[in-house]
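K.L.:
Following this message is one structure expressed as structure tokens.
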Amino acid sequence: MKQYRIAAIPGDGIGQEVIGEGIKVLNTLARESKRFSFSFRHFPWSSDYYLKHGYYIPPGGLEALKEFDAIFFGAVGSPKVPDHISLWGLRLPICQGFDQYANVRPARVLPGVQSPLRNGQGIDWVIIRENTEGEYSGSGGRVHQGLPEEIATETSVFTRTGVERIHRYAFELAAKRPRRNLTLVTKSNAQRHGMVLWDEIFHEVAKDFPRVNTQRILVDAVTTVMTLKPQSLDVIVATNLHADILSDLAAALSGSLGIAPTANLNPERRFPSMFEPIHGSAIDIAGKGIANPIATFWTAAMMLEHLGETQAATRLMWAIEAVTAEKIFTPDLGGTARTAEVTRAVRNFLRQ
């Protein structure tokens with residue numbers, strides 16, 4: 001029997017709740033499959049850990065993570081710590097340190113869920129986000145702090161290698177989907193260096209994928225397409241910042257941030273990949289037992305796919321959709337179910 005070693009990092013807020021529920025579901029699925037099992041190791045890295053020790057990831061922490069098959073991550077963010085410190089202290093060092101350059105965020109309206117759009121059933125997208133450079137490269141600085149002439153610079157860094165590999169990943173994914181459509185999103189009319197490079201490399205890579213239909217839409221314009229003509233989009237590739245924003249919009253248009261998954265992939269598998277729900281730490285509802293665990297379960301299904309357990313991933317998605325079809329919803333979807341109730345329902349379907 002294959003055993004997968006998974007590093008669990010619940011982090012902050014509702015991450016502490018939903019990762020535990022995800023582990024219950026994964027263990028139930030493993031017991032039912034009788035073909036694989038999980039060995040989870042919990043890492044207590046969080047904002048409270050940072051306040052106690054002065055760092056999120058202790059010395060040697062990344063080296064320890066390398067030994068695992070995947071990372072199951074909750075969220076990071078706390079009112080006790082400035083956001084730029086928490087993000088750069090925990091999530092980004094893992095994404096950049098393990099070269100998880102492909103951030104994959106699927107979006108569709110699950111059975112029973114109501115999209116705020118009249119034509120929301122047309123939503124069936126995968127947003128591919130470049131995940132290690134661009135606007136979140138960390139390049140820049142501040143000088144003359146506190147003085148009238150204070151200057152802050154934030155430099156987007158785009159490398160030919162980084163841009164080409166994310167485009168190639170997006171094309172390969174689009175080629176496997178029924179519609180074979182790929183939309184490039186940039187802002188190359190105003191940002192005439194990095195964004196123009198994105199456009200140029202996209203069209204170069206497109207020559208290797210003649211069966212994939214392509215289009216380019218500016219980032220401001222694509223928000224209107226997402227809301228007015230969702231059925232016209234399929235796979236979307238965009239920069240770190242643009243895709244970060246667009247994927248949140250995609251989640252909201254799909255019904256709730258509480259159902260949206262994310263995979264941070266190192267496609268070459270030189271390092272473990274990291275899987276996290278999109279919703280963040282949601283401090284306002286933390287500890288109330290009402291967080292939606294569906295995003296975590298969908299994220300777990302993506303992790304199973306990455307591990308090669310496609311049959312188990314399909315079974316988990318079937319259970320998720322069976323639960324949403326019965327409208328067993330937490331408050332973010334207009335229901336009254338608690339986190340544990342949704343988990344119980346999914347596990348019951350997995351046992352059938």
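Labeling convention for the structure tokens: chains A, B, ... as they appear, residues from 1 per chain, ligands from 1 in order of appearance.
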For Phe38 of chain A, please output as a count of residues only all residues within 7 Å (counting only C-alpha atoms; exclusion window: fewer than 6 positions along the same chain).

P.N.:
5

K.L.:
Any idea what's packed within 10 Å of segment 109-126 of chain A, counting only C-alpha atoms, ignoring anything in its chain fewer than 5 positions away? Could you give it as an MDAnalysis selection string?

P.N.:
chainID A and resid 104 170 173:174 182 226:237 247 250:256 259 317 320:329 333:334

K.L.:
Convert the current residue selection to file output with N, CA and C atoms, as an mmCIF file, in the first residue's frame.

P.N.:
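So the final result, stored in out34.cif, reads:
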data_model
loop_
_atom_site.group_PDB
_atom_site.id
_atom_site.type_symbol
_atom_site.label_atom_id
_atom_site.label_comp_id
_atom_site.auth_asym_id
_atom_site.auth_seq_id
_atom_site.Cartn_x
_atom_site.Cartn_y
_atom_site.Cartn_z
ATOM 1 N N VAL A 104 -2.532 27.256 -9.780
ATOM 2 C CA VAL A 104 -3.675 26.794 -10.573
ATOM 3 C C VAL A 104 -4.951 26.966 -9.754
ATOM 4 N N ALA A 170 0.362 26.685 -19.258
ATOM 5 C CA ALA A 170 -1.023 27.036 -19.574
ATOM 6 C C ALA A 170 -1.460 26.428 -20.905
ATOM 7 N N LEU A 173 -2.106 22.702 -20.473
ATOM 8 C CA LEU A 173 -3.381 22.451 -19.807
ATOM 9 C C LEU A 173 -4.551 22.711 -20.758
ATOM 10 N N ALA A 174 -4.507 23.826 -21.467
ATOM 11 C CA ALA A 174 -5.593 24.161 -22.386
ATOM 12 C C ALA A 174 -5.755 23.080 -23.460
ATOM 13 N N LEU A 182 -7.377 29.373 -24.761
ATOM 14 C CA LEU A 182 -6.461 29.996 -23.805
ATOM 15 C C LEU A 182 -6.497 31.508 -23.994
ATOM 16 N N MET A 226 -15.652 38.383 -17.892
ATOM 17 C CA MET A 226 -15.948 37.388 -16.867
ATOM 18 C C MET A 226 -17.378 37.514 -16.349
ATOM 19 N N THR A 227 -17.888 38.720 -16.290
ATOM 20 C CA THR A 227 -19.241 38.921 -15.748
ATOM 21 C C THR A 227 -20.323 38.886 -16.824
ATOM 22 N N LEU A 228 -20.005 39.307 -18.048
ATOM 23 C CA LEU A 228 -21.030 39.390 -19.085
ATOM 24 C C LEU A 228 -21.023 38.190 -20.039
ATOM 25 N N LYS A 229 -19.847 37.612 -20.296
ATOM 26 C CA LYS A 229 -19.751 36.488 -21.233
ATOM 27 C C LYS A 229 -18.861 35.388 -20.645
ATOM 28 N N PRO A 230 -19.227 34.854 -19.495
ATOM 29 C CA PRO A 230 -18.351 33.861 -18.844
ATOM 30 C C PRO A 230 -18.101 32.627 -19.692
ATOM 31 N N GLN A 231 -19.067 32.278 -20.542
ATOM 32 C CA GLN A 231 -18.926 31.077 -21.362
ATOM 33 C C GLN A 231 -17.864 31.221 -22.435
ATOM 34 N N SER A 232 -17.388 32.441 -22.679
ATOM 35 C CA SER A 232 -16.376 32.658 -23.716
ATOM 36 C C SER A 232 -14.959 32.387 -23.221
ATOM 37 N N LEU A 233 -14.801 32.142 -21.920
ATOM 38 C CA LEU A 233 -13.483 31.922 -21.339
ATOM 39 C C LEU A 233 -13.301 30.462 -20.946
ATOM 40 N N ASP A 234 -12.068 30.023 -20.952
ATOM 41 C CA ASP A 234 -11.753 28.636 -20.604
ATOM 42 C C ASP A 234 -10.540 28.631 -19.675
ATOM 43 N N VAL A 235 -9.341 28.619 -20.222
ATOM 44 C CA VAL A 235 -8.114 28.749 -19.432
ATOM 45 C C VAL A 235 -7.609 30.183 -19.584
ATOM 46 N N ILE A 236 -7.199 30.772 -18.473
ATOM 47 C CA ILE A 236 -6.702 32.143 -18.448
ATOM 48 C C ILE A 236 -5.304 32.126 -17.852
ATOM 49 N N VAL A 237 -4.356 32.795 -18.489
ATOM 50 C CA VAL A 237 -3.008 32.894 -17.928
ATOM 51 C C VAL A 237 -2.689 34.366 -17.710
ATOM 52 N N SER A 247 -8.675 35.719 -9.859
ATOM 53 C CA SER A 247 -9.131 34.452 -9.282
ATOM 54 C C SER A 247 -10.059 34.674 -8.101
ATOM 55 N N ALA A 250 -13.273 35.370 -9.743
ATOM 56 C CA ALA A 250 -13.815 34.108 -10.249
ATOM 57 C C ALA A 250 -14.491 33.311 -9.138
ATOM 58 N N ALA A 251 -13.862 33.293 -7.964
ATOM 59 C CA ALA A 251 -14.443 32.567 -6.833
ATOM 60 C C ALA A 251 -15.764 33.181 -6.410
ATOM 61 N N ALA A 252 -15.822 34.517 -6.341
ATOM 62 C CA ALA A 252 -17.053 35.189 -5.952
ATOM 63 C C ALA A 252 -18.156 34.934 -6.974
ATOM 64 N N LEU A 253 -17.818 34.967 -8.250
ATOM 65 C CA LEU A 253 -18.815 34.723 -9.293
ATOM 66 C C LEU A 253 -19.281 33.273 -9.294
ATOM 67 N N SER A 254 -18.464 32.382 -8.746
ATOM 68 C CA SER A 254 -18.837 30.968 -8.640
ATOM 69 C C SER A 254 -19.718 30.701 -7.426
ATOM 70 N N GLY A 255 -19.879 31.689 -6.568
ATOM 71 C CA GLY A 255 -20.783 31.527 -5.429
ATOM 72 C C GLY A 255 -20.201 31.933 -4.105
ATOM 73 N N SER A 256 -18.885 31.716 -3.912
ATOM 74 C CA SER A 256 -18.274 32.057 -2.626
ATOM 75 C C SER A 256 -16.781 31.776 -2.661
ATOM 76 N N ILE A 259 -15.504 28.143 -1.493
ATOM 77 C CA ILE A 259 -15.488 26.894 -2.255
ATOM 78 C C ILE A 259 -14.295 26.800 -3.204
ATOM 79 N N MET A 317 -14.445 14.577 -5.535
ATOM 80 C CA MET A 317 -15.245 15.623 -6.178
ATOM 81 C C MET A 317 -16.700 15.192 -6.297
ATOM 82 N N ILE A 320 -18.201 15.851 -2.909
ATOM 83 C CA ILE A 320 -18.378 17.296 -2.713
ATOM 84 C C ILE A 320 -19.627 17.774 -3.444
ATOM 85 N N GLU A 321 -19.767 17.371 -4.702
ATOM 86 C CA GLU A 321 -20.898 17.829 -5.503
ATOM 87 C C GLU A 321 -22.208 17.229 -5.010
ATOM 88 N N ALA A 322 -22.158 16.036 -4.465
ATOM 89 C CA ALA A 322 -23.368 15.442 -3.891
ATOM 90 C C ALA A 322 -23.837 16.260 -2.689
ATOM 91 N N VAL A 323 -22.904 16.732 -1.891
ATOM 92 C CA VAL A 323 -23.248 17.534 -0.706
ATOM 93 C C VAL A 323 -23.783 18.905 -1.109
ATOM 94 N N THR A 324 -23.116 19.552 -2.079
ATOM 95 C CA THR A 324 -23.615 20.868 -2.502
ATOM 96 C C THR A 324 -24.967 20.738 -3.193
ATOM 97 N N ALA A 325 -25.178 19.645 -3.923
ATOM 98 C CA ALA A 325 -26.467 19.442 -4.586
ATOM 99 C C ALA A 325 -27.596 19.336 -3.570
ATOM 100 N N GLU A 326 -27.292 18.803 -2.391
ATOM 101 C CA GLU A 326 -28.289 18.713 -1.316
ATOM 102 C C GLU A 326 -28.384 20.000 -0.508
ATOM 103 N N LYS A 327 -27.604 21.001 -0.921
ATOM 104 C CA LYS A 327 -27.620 22.327 -0.285
ATOM 105 C C LYS A 327 -27.295 22.264 1.218
ATOM 106 N N ILE A 328 -26.313 21.446 1.541
ATOM 107 C CA ILE A 328 -25.784 21.433 2.910
ATOM 108 C C ILE A 328 -24.732 22.533 2.951
ATOM 109 N N PHE A 329 -25.198 23.750 3.244
ATOM 110 C CA PHE A 329 -24.381 24.944 3.071
ATOM 111 C C PHE A 329 -24.058 25.621 4.398
ATOM 112 N N LEU A 333 -22.791 30.521 1.892
ATOM 113 C CA LEU A 333 -23.614 30.100 0.760
ATOM 114 C C LEU A 333 -25.109 30.232 1.069
ATOM 115 N N GLY A 334 -25.418 30.903 2.178
ATOM 116 C CA GLY A 334 -26.817 31.123 2.525
ATOM 117 C C GLY A 334 -27.445 30.029 3.359
#

K.L.:
Where does DSSP see helix (DSSP H, G or I) in segment 255-316 of chain A, if you list the residues as a list of chain:residue names?

P.N.:
A:Leu257, A:Gly258, A:Ile259, A:Ile283, A:Asp284, A:Ile285, A:Ile294, A:Ala295, A:Thr296, A:Phe297, A:Trp298, A:Thr299, A:Ala300, A:Ala301, A:Met302, A:Met303, A:Leu304, A:Glu305, A:His306, A:Thr310, A:Gln311, A:Ala312, A:Ala313, A:Thr314, A:Arg315, A:Leu316

K.L.:
Give me, please, the distance in Å between atom CA of Tyr56 of chain A and atom CA of Ile278 of chain A, quoted to one decimal.

P.N.:
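Going from atom CA of Tyr56 of chain A over to atom CA of Ile278 of chain A, I get 20.0 Å.
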
K.L.:
Please report, as a PDB file with C-alpha atoms, in the first residue's frame, each residue of segment 150-344 of chain A to which DSSP assigns strand (DSSP E) when run on this structure's backbone.

P.N.:
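The result, stored in selection-v2.pdb:
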ATOM      1  CA  ILE A 151      10.234  57.378  -2.098  1.00  0.00           C
ATOM      2  CA  ALA A 152       8.943  53.818  -2.351  1.00  0.00           C
ATOM      3  CA  THR A 153       9.596  51.652  -5.399  1.00  0.00           C
ATOM      4  CA  GLU A 154       7.950  48.338  -6.257  1.00  0.00           C
ATOM      5  CA  THR A 155       9.608  46.762  -9.267  1.00  0.00           C
ATOM      6  CA  SER A 156       7.957  44.001 -11.244  1.00  0.00           C
ATOM      7  CA  VAL A 157      10.515  41.465 -12.411  1.00  0.00           C
ATOM      8  CA  ASN A 181      -9.160  27.896 -25.456  1.00  0.00           C
ATOM      9  CA  LEU A 182      -6.461  29.996 -23.805  1.00  0.00           C
ATOM     10  CA  THR A 183      -6.799  33.677 -22.924  1.00  0.00           C
ATOM     11  CA  LEU A 184      -3.737  35.821 -22.271  1.00  0.00           C
ATOM     12  CA  VAL A 185      -4.376  38.645 -19.808  1.00  0.00           C
ATOM     13  CA  THR A 186      -1.901  41.530 -19.559  1.00  0.00           C
ATOM     14  CA  ASN A 213      -7.312  28.732 -29.744  1.00  0.00           C
ATOM     15  CA  THR A 214      -5.893  31.942 -28.281  1.00  0.00           C
ATOM     16  CA  GLN A 215      -6.972  35.481 -27.535  1.00  0.00           C
ATOM     17  CA  ARG A 216      -5.465  38.431 -25.673  1.00  0.00           C
ATOM     18  CA  ILE A 217      -7.592  40.635 -23.416  1.00  0.00           C
ATOM     19  CA  LEU A 218      -6.410  43.534 -21.269  1.00  0.00           C
ATOM     20  CA  VAL A 235      -8.114  28.749 -19.432  1.00  0.00           C
ATOM     21  CA  ILE A 236      -6.702  32.143 -18.448  1.00  0.00           C
ATOM     22  CA  VAL A 237      -3.008  32.894 -17.928  1.00  0.00           C
ATOM     23  CA  ALA A 238      -1.881  36.059 -16.173  1.00  0.00           C
ATOM     24  CA  PRO A 261      -9.253  25.739  -4.295  1.00  0.00           C
ATOM     25  CA  THR A 262      -5.639  26.446  -5.182  1.00  0.00           C
ATOM     26  CA  ALA A 263      -2.608  24.407  -6.159  1.00  0.00           C
ATOM     27  CA  ASN A 264       0.900  25.871  -6.018  1.00  0.00           C
ATOM     28  CA  LEU A 265       2.761  23.514  -8.316  1.00  0.00           C
ATOM     29  CA  SER A 273       3.893  21.280  -4.274  1.00  0.00           C
ATOM     30  CA  MET A 274       1.566  23.119  -1.891  1.00  0.00           C
ATOM     31  CA  PHE A 275      -2.223  23.025  -1.841  1.00  0.00           C
ATOM     32  CA  GLU A 276      -4.359  25.655  -0.113  1.00  0.00           C
ATOM     33  CA  PRO A 277      -7.942  26.949  -0.140  1.00  0.00           C
TER      34      PRO A 277
END
